[in-house]
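Visitor: I am sharing coords13.csv, which consists of CSV, C-alpha atoms:
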chain,number,residue,atom,x,y,z
M,14,MET,CA,7.2,14.8,-13.9
M,15,PRO,CA,3.8,14.8,-15.6
M,16,GLN,CA,1.4,17.6,-14.7
M,17,ALA,CA,-1.3,17.1,-12.1
M,18,ASN,CA,-4.7,16.7,-13.8
M,19,VAL,CA,-6.8,17.9,-10.9
M,20,VAL,CA,-8.4,21.0,-9.5
M,21,MET,CA,-9.2,21.5,-5.9
M,22,ASN,CA,-11.4,24.3,-4.4
M,23,VAL,CA,-11.8,25.0,-0.8
M,24,ARG,CA,-15.1,26.1,0.8
M,25,THR,CA,-15.2,27.3,4.4
M,26,ILE,CA,-18.7,26.3,5.7
M,27,ASN,CA,-18.2,27.8,9.2
M,28,ASN,CA,-15.4,28.2,11.8
M,29,THR,CA,-15.1,24.5,12.3
M,30,VAL,CA,-15.9,22.9,9.0
M,31,SER,CA,-14.2,23.2,5.6
M,32,ILE,CA,-14.9,21.3,2.3
M,33,ILE,CA,-12.3,20.5,-0.3
M,34,ASP,CA,-13.9,19.9,-3.7
M,35,ILE,CA,-11.8,17.5,-5.8
M,36,GLU,CA,-12.2,17.4,-9.6
M,37,GLY,CA,-10.0,15.3,-11.8
M,38,ASP,CA,-7.3,12.7,-11.0
M,39,VAL,CA,-5.9,11.9,-7.6
M,40,SER,CA,-2.4,10.4,-8.1
M,41,ALA,CA,1.1,11.2,-6.8
M,42,PHE,CA,1.2,14.2,-9.0
M,43,ALA,CA,-1.7,15.8,-7.0
M,44,GLU,CA,0.3,16.0,-3.8
M,45,ASP,CA,1.2,19.7,-3.9
M,46,ILE,CA,-2.3,20.7,-4.9
M,47,LEU,CA,-3.9,18.6,-2.2
M,48,MET,CA,-1.6,19.8,0.5
M,49,GLU,CA,-2.1,23.4,-0.6
M,50,ALA,CA,-5.9,22.9,-0.5
M,51,TYR,CA,-5.6,21.4,3.0
M,52,ALA,CA,-3.5,24.3,4.2
M,53,GLU,CA,-6.2,26.7,3.0
M,54,ALA,CA,-9.0,24.6,4.5
M,55,SER,CA,-7.3,24.2,7.8
M,56,LEU,CA,-7.9,27.3,10.0
M,57,PRO,CA,-6.9,27.3,13.6
M,58,THR,CA,-10.6,26.6,14.6
M,59,THR,CA,-11.2,23.9,12.0
M,60,ARG,CA,-12.2,20.6,13.5
M,61,THR,CA,-13.6,18.8,10.4
M,62,ILE,CA,-12.2,18.5,6.9
M,63,ILE,CA,-14.6,17.1,4.3
M,64,LEU,CA,-13.5,15.8,1.0
M,65,ASN,CA,-16.0,16.1,-1.9
M,66,PHE,CA,-15.3,13.3,-4.4
M,67,ASN,CA,-18.2,14.1,-6.7
M,68,GLY,CA,-15.8,15.2,-9.4
M,69,LEU,CA,-13.3,12.4,-8.9
M,70,GLU,CA,-12.4,10.9,-12.3
M,71,TYR,CA,-9.4,8.7,-11.5
M,72,MET,CA,-7.5,7.5,-8.5
M,73,ASN,CA,-4.5,5.2,-8.3
M,74,SER,CA,-2.8,3.6,-5.3
M,75,SER,CA,-0.4,6.6,-4.9
M,76,GLY,CA,-3.6,8.7,-4.6
M,77,ILE,CA,-4.9,6.5,-1.8
M,78,GLY,CA,-1.5,6.9,-0.2
M,79,LEU,CA,-1.8,10.7,-0.4
M,80,LEU,CA,-5.2,10.5,1.4
M,81,VAL,CA,-3.6,8.5,4.2
M,82,THR,CA,-0.8,11.1,4.7
M,83,LEU,CA,-3.4,13.8,4.6
M,84,LEU,CA,-5.6,12.0,7.2
M,85,ILE,CA,-2.6,11.6,9.5
M,86,ARG,CA,-1.8,15.3,9.1
M,87,ALA,CA,-5.4,16.3,9.9
M,88,ASN,CA,-5.5,13.9,12.9
M,89,ARG,CA,-2.4,15.5,14.3
M,90,GLN,CA,-4.2,18.8,14.2
M,91,LYS,CA,-7.0,17.2,16.1
M,92,GLN,CA,-9.2,17.3,13.1
M,93,ARG,CA,-11.4,14.5,11.7
M,94,MET,CA,-11.8,13.7,8.1
M,95,LEU,CA,-15.1,12.9,6.3
M,96,ALA,CA,-15.9,12.3,2.7
M,97,PHE,CA,-18.9,12.3,0.4
M,98,GLY,CA,-19.8,11.8,-3.3
M,99,LEU,CA,-17.9,8.6,-3.7
M,100,SER,CA,-19.2,6.3,-6.5
M,101,ASP,CA,-19.6,2.6,-5.6
M,102,HIS,CA,-16.3,1.9,-7.3
M,103,TYR,CA,-14.4,4.3,-5.0
M,104,LYS,CA,-16.4,3.1,-2.0
M,105,HIS,CA,-15.1,-0.4,-2.7
M,106,ILE,CA,-11.5,1.0,-2.9
M,107,PHE,CA,-11.9,2.8,0.4
M,108,GLU,CA,-13.1,-0.6,1.9
M,109,LEU,CA,-10.4,-2.6,0.3
M,110,THR,CA,-7.7,-0.2,1.6
M,111,ARG,CA,-9.5,0.1,4.9
M,112,LEU,CA,-9.6,3.8,4.6
M,113,ASN,CA,-13.3,3.7,5.4
M,114,GLU,CA,-12.3,2.7,9.0
M,115,ALA,CA,-10.8,6.2,9.5
M,116,ILE,CA,-12.7,8.4,7.1
M,117,GLY,CA,-16.5,8.5,7.4
M,118,MET,CA,-18.2,8.1,4.1
M,119,TYR,CA,-21.5,9.8,3.3
M,120,ASP,CA,-23.6,10.0,0.1
M,121,THR,CA,-24.3,13.7,-0.2
M,122,GLU,CA,-23.1,17.0,1.1
M,123,ALA,CA,-26.3,17.4,3.1
M,124,ASP,CA,-25.7,14.0,4.8
M,125,VAL,CA,-22.2,14.8,5.8
M,126,LEU,CA,-22.9,18.4,7.0
M,127,ALA,CA,-25.6,16.9,9.2
M,128,VAL,CA,-23.0,15.1,11.2
M,129,ALA,CA,-20.1,17.5,10.9
Y,14,MET,CA,-16.7,27.0,-5.8
Y,15,SER,CA,-17.0,23.8,-7.7
Y,16,THR,CA,-20.0,21.8,-8.6
Y,17,SER,CA,-20.0,18.5,-10.3
Y,18,SER,CA,-22.1,17.9,-13.4
Y,19,ASN,CA,-22.4,14.2,-12.8
Y,20,SER,CA,-25.7,13.1,-11.1
Y,21,PRO,CA,-25.3,10.2,-8.6
Y,22,GLU,CA,-27.1,7.9,-11.1
Y,23,GLU,CA,-24.7,8.9,-13.9
Y,24,LYS,CA,-21.7,8.4,-11.7
Y,25,GLN,CA,-22.7,4.8,-10.9
Y,26,THR,CA,-23.0,3.8,-14.6
Y,27,VAL,CA,-19.7,5.4,-15.8
Y,28,ILE,CA,-16.8,2.9,-15.5
Y,29,PRO,CA,-13.9,4.8,-14.1
Y,30,ARG,CA,-10.6,4.7,-16.0
Y,31,ASP,CA,-8.9,2.9,-13.1
Y,32,ALA,CA,-11.5,0.2,-12.6
Y,33,ALA,CA,-9.5,-2.6,-14.1
Y,34,TYR,CA,-6.4,-1.8,-12.1
Y,35,TRP,CA,-7.7,-2.4,-8.6
Y,36,ALA,CA,-8.0,-5.7,-6.8
Y,37,LYS,CA,-11.6,-7.0,-6.8
Y,38,GLN,CA,-11.0,-9.2,-3.8
Y,39,THR,CA,-12.4,-8.7,-0.3
Y,40,LYS,CA,-10.4,-7.8,2.7
Y,41,THR,CA,-8.8,-11.2,3.3
Y,42,PHE,CA,-6.0,-13.0,1.4
Y,43,LYS,CA,-6.9,-15.9,-0.8
Y,44,VAL,CA,-4.1,-17.9,-2.3
Y,45,SER,CA,-5.2,-19.5,-5.6
Y,46,ASN,CA,-2.3,-19.4,-8.1
Y,47,ALA,CA,0.7,-20.2,-5.9
Y,48,PRO,CA,3.6,-22.1,-7.5
Y,49,ILE,CA,3.9,-25.8,-6.5
Y,50,GLY,CA,6.1,-26.2,-3.4
Y,51,ALA,CA,5.7,-22.6,-2.2
Y,52,LEU,CA,5.0,-22.5,1.5
Y,53,ASN,CA,1.6,-21.0,2.2
Y,54,LEU,CA,2.0,-20.1,5.8
Y,55,ASN,CA,0.6,-17.0,7.6
Y,56,VAL,CA,-1.2,-15.9,4.4
Y,57,GLU,CA,-4.5,-17.7,3.7
Y,58,GLY,CA,-7.5,-16.0,5.3
Y,59,ARG,CA,-5.4,-13.2,6.8
Y,60,GLN,CA,-6.8,-9.7,6.7
Y,61,ALA,CA,-5.2,-7.2,4.4
Y,62,LEU,CA,-3.7,-4.2,6.2
Y,63,SER,CA,-3.3,-0.5,5.4
Y,64,PRO,CA,-0.7,1.7,7.2
Y,65,LEU,CA,-3.5,2.7,9.5
Y,66,GLN,CA,-3.8,-0.7,11.2
Y,67,GLY,CA,-0.1,-1.0,12.2
Y,68,PHE,CA,1.5,-0.4,15.6
Y,69,GLY,CA,4.7,1.6,15.0
Y,70,GLN,CA,5.7,5.0,13.7
Y,71,MET,CA,4.4,5.6,10.1
Y,72,TRP,CA,7.1,6.1,7.6
Y,73,GLN,CA,7.1,7.0,3.9
Y,74,LYS,CA,10.3,6.0,2.3
Y,75,THR,CA,11.1,6.7,-1.3
Y,76,TYR,CA,13.9,5.0,-3.2
Y,77,ARG,CA,14.7,6.3,-6.8
Y,78,ILE,CA,17.1,5.4,-9.4
Y,79,ARG,CA,17.7,7.3,-12.7
Y,80,LEU,CA,18.0,5.0,-15.7
Y,81,GLU,CA,20.3,7.5,-17.5
Y,82,GLY,CA,21.1,6.5,-21.1
Y,83,ALA,CA,18.9,3.4,-20.9
Y,84,ASN,CA,16.5,4.7,-23.6
Y,85,VAL,CA,13.5,2.8,-22.0
Y,86,GLN,CA,10.0,4.1,-21.5
Y,87,PRO,CA,8.4,4.0,-18.0
Y,88,SER,CA,5.8,1.4,-19.2
Y,89,GLU,CA,8.6,-0.9,-20.4
Y,90,VAL,CA,10.3,-0.6,-17.0
Y,91,ILE,CA,7.1,-1.6,-15.2
Y,92,LYS,CA,6.4,-4.4,-17.7
Y,93,THR,CA,10.0,-5.8,-17.1
Y,94,TRP,CA,9.7,-5.3,-13.3
Y,95,LYS,CA,6.4,-7.2,-13.2
Y,96,GLU,CA,7.6,-10.0,-15.3
Y,97,ASN,CA,10.9,-10.4,-13.5
Y,98,PHE,CA,10.0,-9.3,-10.0
Y,99,PRO,CA,11.7,-12.2,-8.1
Y,100,ARG,CA,14.9,-11.9,-10.1
Y,101,PHE,CA,15.5,-8.3,-8.8
Y,102,TRP,CA,15.1,-9.3,-5.2
Y,103,PRO,CA,18.2,-9.4,-3.0
Y,104,LYS,CA,19.7,-12.9,-2.5
Y,105,GLY,CA,18.4,-15.0,0.4
Y,106,ASN,CA,14.8,-13.9,-0.1
Y,107,ARG,CA,12.2,-15.7,-2.1
Y,108,PHE,CA,9.2,-14.1,-3.9
Y,109,ASN,CA,6.9,-16.8,-5.1
Y,110,ALA,CA,5.0,-14.9,-7.7
Y,111,PRO,CA,1.5,-16.0,-8.6
Y,112,LEU,CA,1.4,-18.2,-11.7
Y,113,THR,CA,-0.8,-15.6,-13.4
Y,114,GLY,CA,1.8,-12.9,-12.8
Y,115,ILE,CA,1.5,-9.6,-11.0
Y,116,ALA,CA,-2.1,-8.7,-11.5
Y,117,PRO,CA,-4.7,-7.0,-9.3
Y,118,GLY,CA,-5.9,-9.3,-6.5
Y,119,GLU,CA,-3.2,-11.9,-7.0
Y,120,VAL,CA,-1.3,-13.1,-3.9
Y,121,ALA,CA,2.4,-13.8,-3.8
Y,122,LEU,CA,4.0,-15.9,-1.1
Y,123,LEU,CA,7.2,-14.6,0.5
Y,124,ASN,CA,10.0,-16.3,2.3
Y,125,LEU,CA,12.3,-13.7,3.8
Y,126,SER,CA,15.6,-13.9,5.7
Y,127,MET,CA,15.5,-12.3,9.2
Y,128,PRO,CA,18.3,-11.6,11.7
Y,129,VAL,CA,20.1,-14.5,13.5
Y,130,GLY,CA,19.2,-16.9,10.7
Y,131,MET,CA,15.4,-16.7,11.3
Y,132,ARG,CA,13.0,-17.1,8.3
Y,133,LEU,CA,9.7,-15.3,7.9
Y,134,SER,CA,6.9,-16.8,5.7
Y,135,THR,CA,4.3,-14.3,4.7
Y,136,GLY,CA,2.7,-12.9,1.6
Y,137,VAL,CA,1.6,-9.8,-0.3
Y,138,MET,CA,-1.5,-9.0,-2.3
Y,139,VAL,CA,-1.4,-7.0,-5.5
Y,140,LEU,CA,-3.7,-4.1,-4.6
Y,141,TYR,CA,-3.2,-2.1,-7.8
Y,142,ALA,CA,-1.4,-2.6,-11.1
Y,143,ASP,CA,-1.4,-0.5,-14.2
Y,144,ASP,CA,1.1,0.2,-17.0
Y,145,GLU,CA,3.2,2.6,-15.0
Y,146,SER,CA,2.9,1.4,-11.4
Y,147,PHE,CA,1.9,-1.5,-9.1
Y,148,THR,CA,1.2,-1.7,-5.4
Y,149,LEU,CA,1.6,-4.6,-2.9
Y,150,MET,CA,-0.4,-4.8,0.3
Y,151,THR,CA,0.6,-6.7,3.4
Y,152,PRO,CA,-1.4,-9.2,5.5
Y,153,GLN,CA,-1.7,-9.5,9.3
Y,154,GLY,CA,1.5,-10.8,10.8
Y,155,HIS,CA,3.7,-9.3,8.2
Y,156,MET,CA,6.6,-7.2,9.6
Y,157,PHE,CA,4.8,-4.1,8.6
Y,158,ALA,CA,1.3,-2.9,7.8
Y,159,GLY,CA,1.1,-0.9,4.6
Y,160,TRP,CA,1.7,-0.6,0.9
Y,161,ILE,CA,4.7,-0.8,-1.4
Y,162,THR,CA,4.3,1.0,-4.7
Y,163,PHE,CA,6.7,0.5,-7.6
Y,164,SER,CA,6.4,3.1,-10.3
Y,165,SER,CA,8.3,4.6,-13.2
Y,166,TYR,CA,8.0,8.0,-14.8
Y,167,GLU,CA,10.0,10.5,-16.9
Y,168,ASP,CA,11.9,13.4,-15.4
Y,169,ASP,CA,13.9,15.8,-17.5
Y,170,GLY,CA,14.0,13.3,-20.4
Y,171,CYS,CA,15.3,10.5,-18.1
Y,172,THR,CA,13.3,7.5,-17.0
Y,173,ILE,CA,13.1,7.0,-13.2
Y,174,ALA,CA,12.3,3.8,-11.4
Y,175,GLN,CA,10.9,4.2,-7.9
Y,176,SER,CA,9.9,2.1,-4.9
Y,177,GLN,CA,7.9,3.8,-2.2
Y,178,VAL,CA,6.8,2.3,1.1
Y,179,LEU,CA,4.1,3.7,3.3
Y,180,ILE,CA,4.3,1.6,6.4
Y,181,ARG,CA,4.1,1.1,10.1
Y,182,ALA,CA,5.7,-1.8,12.0
Y,183,ASN,CA,2.9,-4.2,12.7
Y,184,ASP,CA,3.5,-4.9,16.3
Y,185,PRO,CA,5.8,-3.9,19.2
Y,186,LEU,CA,8.3,-6.7,18.5
Y,187,TYR,CA,8.8,-5.7,14.9
Y,188,GLU,CA,9.0,-2.0,16.0
Y,189,ILE,CA,11.9,-2.8,18.3
Y,190,GLY,CA,13.5,-4.9,15.6
Y,191,PHE,CA,13.2,-2.0,13.1
Y,192,HIS,CA,15.0,0.3,15.5
Y,193,LEU,CA,17.7,-2.3,16.1
Y,194,GLY,CA,18.8,-2.4,12.5
Y,195,GLY,CA,15.7,-3.4,10.7
Y,196,TYR,CA,15.2,0.0,9.1
Y,197,ALA,CA,18.7,0.0,7.7
Y,198,LYS,CA,18.2,-3.6,6.4
Y,199,GLU,CA,15.0,-2.6,4.7
Y,200,ASP,CA,16.7,0.4,3.1
Y,201,ARG,CA,19.4,-1.9,1.7
Y,202,PHE,CA,16.7,-4.3,0.5
Y,203,TRP,CA,15.0,-1.7,-1.7
Y,204,GLN,CA,18.2,0.0,-2.8
Y,205,ASP,CA,19.6,-3.4,-3.9
Y,206,THR,CA,16.4,-4.2,-5.7
Y,207,LEU,CA,16.5,-0.9,-7.7
Y,208,LYS,CA,20.2,-1.5,-8.5
Y,209,SER,CA,19.4,-4.9,-9.9
Y,210,LEU,CA,16.6,-3.5,-12.0
Y,211,ALA,CA,18.9,-0.8,-13.3
Y,212,GLU,CA,21.6,-3.4,-14.1
Y,213,TYR,CA,19.0,-5.2,-16.2
Y,214,PHE,CA,19.0,-2.1,-18.4
Y,215,ASN,CA,22.8,-1.8,-18.3
Y,216,VAL,CA,22.7,1.2,-15.9
Y,217,LYS,CA,24.9,1.6,-12.9
Y,218,ALA,CA,23.7,4.5,-10.7
Y,219,PRO,CA,23.2,5.5,-7.1
Y,220,VAL,CA,19.8,5.2,-5.4
Y,221,GLN,CA,18.4,8.3,-3.9
Y,222,THR,CA,16.6,7.7,-0.6
Y,223,GLN,CA,14.1,10.0,1.0
Y,224,LYS,CA,12.5,9.2,4.4
Y,225,VAL,CA,9.6,11.0,6.0
Y,226,CYS,CA,8.2,10.1,9.4
Y,227,VAL,CA,4.5,10.7,8.6
Y,228,ASP,CA,3.4,9.9,12.2
Y,229,PRO,CA,5.8,9.6,15.1
Y,230,LYS,CA,3.2,8.2,17.4
Y,231,LEU,CA,2.8,4.6,18.3
Y,232,GLN,CA,-0.7,3.0,18.1
Y,233,TRP,CA,-0.9,1.1,21.3
Y,234,SER,CA,-4.4,-0.1,20.4
Y,235,GLN,CA,-2.7,-2.2,17.8
Y,236,ALA,CA,-0.2,-3.8,20.1
Y,237,LYS,CA,-2.3,-7.0,20.1
Y,238,ASN,CA,-1.2,-7.6,16.5
Y,239,ILE,CA,1.7,-9.5,18.1
Y,240,TRP,CA,-0.5,-12.6,18.3
Y,241,GLN,CA,-0.4,-12.8,14.5
Y,242,ASN,CA,3.4,-12.2,14.3
Y,243,SER,CA,4.6,-14.2,11.3
Y,244,ALA,CA,8.2,-14.4,12.4
Y,245,ILE,CA,7.2,-16.0,15.7
Y,246,ARG,CA,4.7,-18.3,13.9
Y,247,THR,CA,7.2,-19.3,11.2
Y,248,THR,CA,9.8,-20.1,13.9
Y,249,LEU,CA,7.3,-22.3,15.8
Y,250,TYR,CA,6.3,-24.0,12.5
Y,251,THR,CA,10.0,-24.7,11.8
Y,252,VAL,CA,10.9,-26.0,15.2
Y,253,SER,CA,7.8,-28.2,15.3
Y,254,THR,CA,8.6,-29.8,11.9
Y,255,PRO,CA,10.1,-33.0,13.4
Y,256,VAL,CA,7.0,-33.5,15.6
Y,257,ARG,CA,4.8,-33.1,12.5
Y,258,TRP,CA,6.8,-35.6,10.6
Y,259,VAL,CA,6.5,-38.2,13.4
Y,260,GLY,CA,2.8,-37.5,13.7
Y,261,GLN,CA,2.3,-37.9,9.9
Y,262,SER,CA,4.2,-41.1,9.8
Y,263,PHE,CA,2.0,-42.6,12.6
Y,264,ARG,CA,-1.1,-41.4,10.8
Y,265,ARG,CA,0.1,-43.0,7.5
Y,266,LYS,CA,0.9,-46.5,9.0
Y,267,PRO,CA,-2.7,-47.8,9.4
Y,268,GLU,CA,-3.4,-46.9,5.7
Y,269,THR,CA,-0.4,-48.8,4.4
Y,270,ASN,CA,-1.3,-51.9,6.5
Y,271,ASN,CA,-4.8,-52.1,5.1
Take the structure in this file and express it as structure tokens.
Guide:
Amino acid sequence: MPQANVVMNVRTINNTVSIIDIEGDVSAFAEDILMEAYAEASLPTTRTIILNFNGLEYMNSSGIGLLVTLLIRANRQKQRMLAFGLSDHYKHIFELTRLNEAIGMYDTEADVLAVA
Amino acid sequence: MSTSSNSPEEKQTVIPRDAAYWAKQTKTFKVSNAPIGALNLNVEGRQALSPLQGFGQMWQKTYRIRLEGANVQPSEVIKTWKENFPRFWPKGNRFNAPLTGIAPGEVALLNLSMPVGMRLSTGVMVLYADDESFTLMTPQGHMFAGWITFSSYEDDGCTIAQSQVLIRANDPLYEIGFHLGGYAKEDRFWQDTLKSLAEYFNVKAPVQTQKVCVDPKLQWSQAKNIWQNSAIRTTLYTVSTPVRWVGQSFRRKPETNN
């Protein structure tokens, strides 16, 4: 299988909020890296997982599928998922795939942290 | 910690590598390039669904076949699959591909066989298509809400062809049907499709199947989807056909007399 071309870093903002910074490509090959990042971001007290898409360079339909499975996983832990940093193109894709109905989208980190 | 070098303004002007591969359409289905004679029922104007809008348990099922010895690149597999998609479908089911082929935003009309001789008319929209994968998205009333992704990649020097569904049954009736043999039928459907594709490349191989229940919970808030159920609507359309014929013949008579 081809190598994943993505780097994800986790920042714990406080006991209840964590951010996953995504840089590179989100495709099927990013699954292990994304799930590892989620495991690191998800503490027993975490209630909000925020995805930072400022560094997103490419996403295909398998990548969107990954986000759906991640969302379900987070919801089952009673966590909500929010996102920021999406370009207009990726906002359109979130709307097309109706992911925007389940993942709140914000422009900047400051905007999303204000509601987290 | 990571920081991005792209300013918001820069990000909006850079065209992403995937831009050409995604559907440009809005959330509703528009049939514009259907073959003549294909039944456009339960498709036009219907909303596109993701797995989040369905009723039943969410499943991710992956079907893979190794094209051992075929000496074919993943991009060639996908090109062949796109160009011959209806040919690889199991018998008894019709995939009326858009005249423009499988391209982002295009809608295909489906006529599927269901249990006890029932038919189901529905459709799919091409959500995404590139050289190594393409994804179909279902409309309201389809038996499931979600996406089907067809892809090909190389693994240990062998080309793999794969179908992956991420779905929920769309309403309570479909969910019951899936548990009463529908899931097994669906497995056979995609396994047969992959075997047909492999045979095209002169390969006979078993299909590996992997099933993961992503969410075992039912979404009762989506039970109302049953009003859009395409199986029920197709059946009503079929049984009312003689009534429509009679009605049409009465409407035509005054025109012919004038």
Visitor: Could you state the separation of CA of Ala110 (chain Y) and CA of Val137 (chain Y) in Å, given to one decimal place?
Guide: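 These two atoms are separated by 9.6 Å.
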Visitor: Within 9 Å of Ile106 (chain M), counting all atoms listed in the file, which residues show up once you throw out same-chain ones fewer than 6 positions away? Write them as a PyMOL selection string, please.
Guide: (chain M and resi 77+112-113) or (chain Y and resi 35-37)
Visitor: At what distance in Å, to one decimal, does CA of Glu44 (chain M) lie from CA of Gln204 (chain Y)?
Guide: 24.0 Å
Visitor: Write out as a list in words which residues come within 12 Å of Tyr71 (chain M) when counting all atoms listed in the file, dropping same-chain ones fewer than 5 positions away.
Guide: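 Result of the neighbour search: Ala17, Asn18, Val19, Ile35, Glu36, Gly37, Asp38, Val39, Ser40, Ala41, Ala43, Phe66, Gly76, Ile77, Leu99, Ser100, His102, Tyr103 and Ile106 of chain M; Val27, Ile28, Pro29, Arg30, Asp31, Ala32, Ala33, Tyr34 and Trp35 of chain Y.
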Visitor: Residues of chain M within 9 Å of chain Y, counting all atoms listed in the file, what are they? List them as a PyMOL selection string.
Guide: chain M and resi 14-15+21-24+34-36+67-68+70-75+78+81-82+85-86+89+98-102+105-106+108-112+114-115+120
Visitor: Could you list, as a ChimeraX atom specification, every residue within 12 Å of Ala96 (chain M), counting all atoms listed in the file and ignoring same-chain residues fewer than 3 positions away?
Guide: /M:31-35,61-67,69,80,84,93,99-100,103-104,107,112-113,115-126,128-129
Visitor: Could you state the separation of CA of Phe42 (chain Y) and CA of Tyr76 (chain Y) in Å, given to one decimal place?
Guide: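 Those two atoms sit 27.2 Å apart.
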Visitor: Pick from Y:Gly190, Y:Pro219, Y:Gly195, Y:Pro185: nearest to Gly69 (chain Y), with all atoms listed in the file counted?
Guide: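 Result for the nearest residue to Gly69 (chain Y): Y:Pro185.
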Visitor: Find the residues around Leu56 (chain M) up to 10 Å (only C-alpha atoms counted), leave out those fewer than 6 positions away in its own chain, and share them as an MDAnalysis selection string.
Guide: chainID M and resid 25 28:31
Visitor: Point out the residue among M:Leu83, M:Ala127, M:Asn88, M:Phe97 with the least atom-to-atom distance to Glu49 (chain M), counting only C-alpha atoms.
Guide: M:Leu83
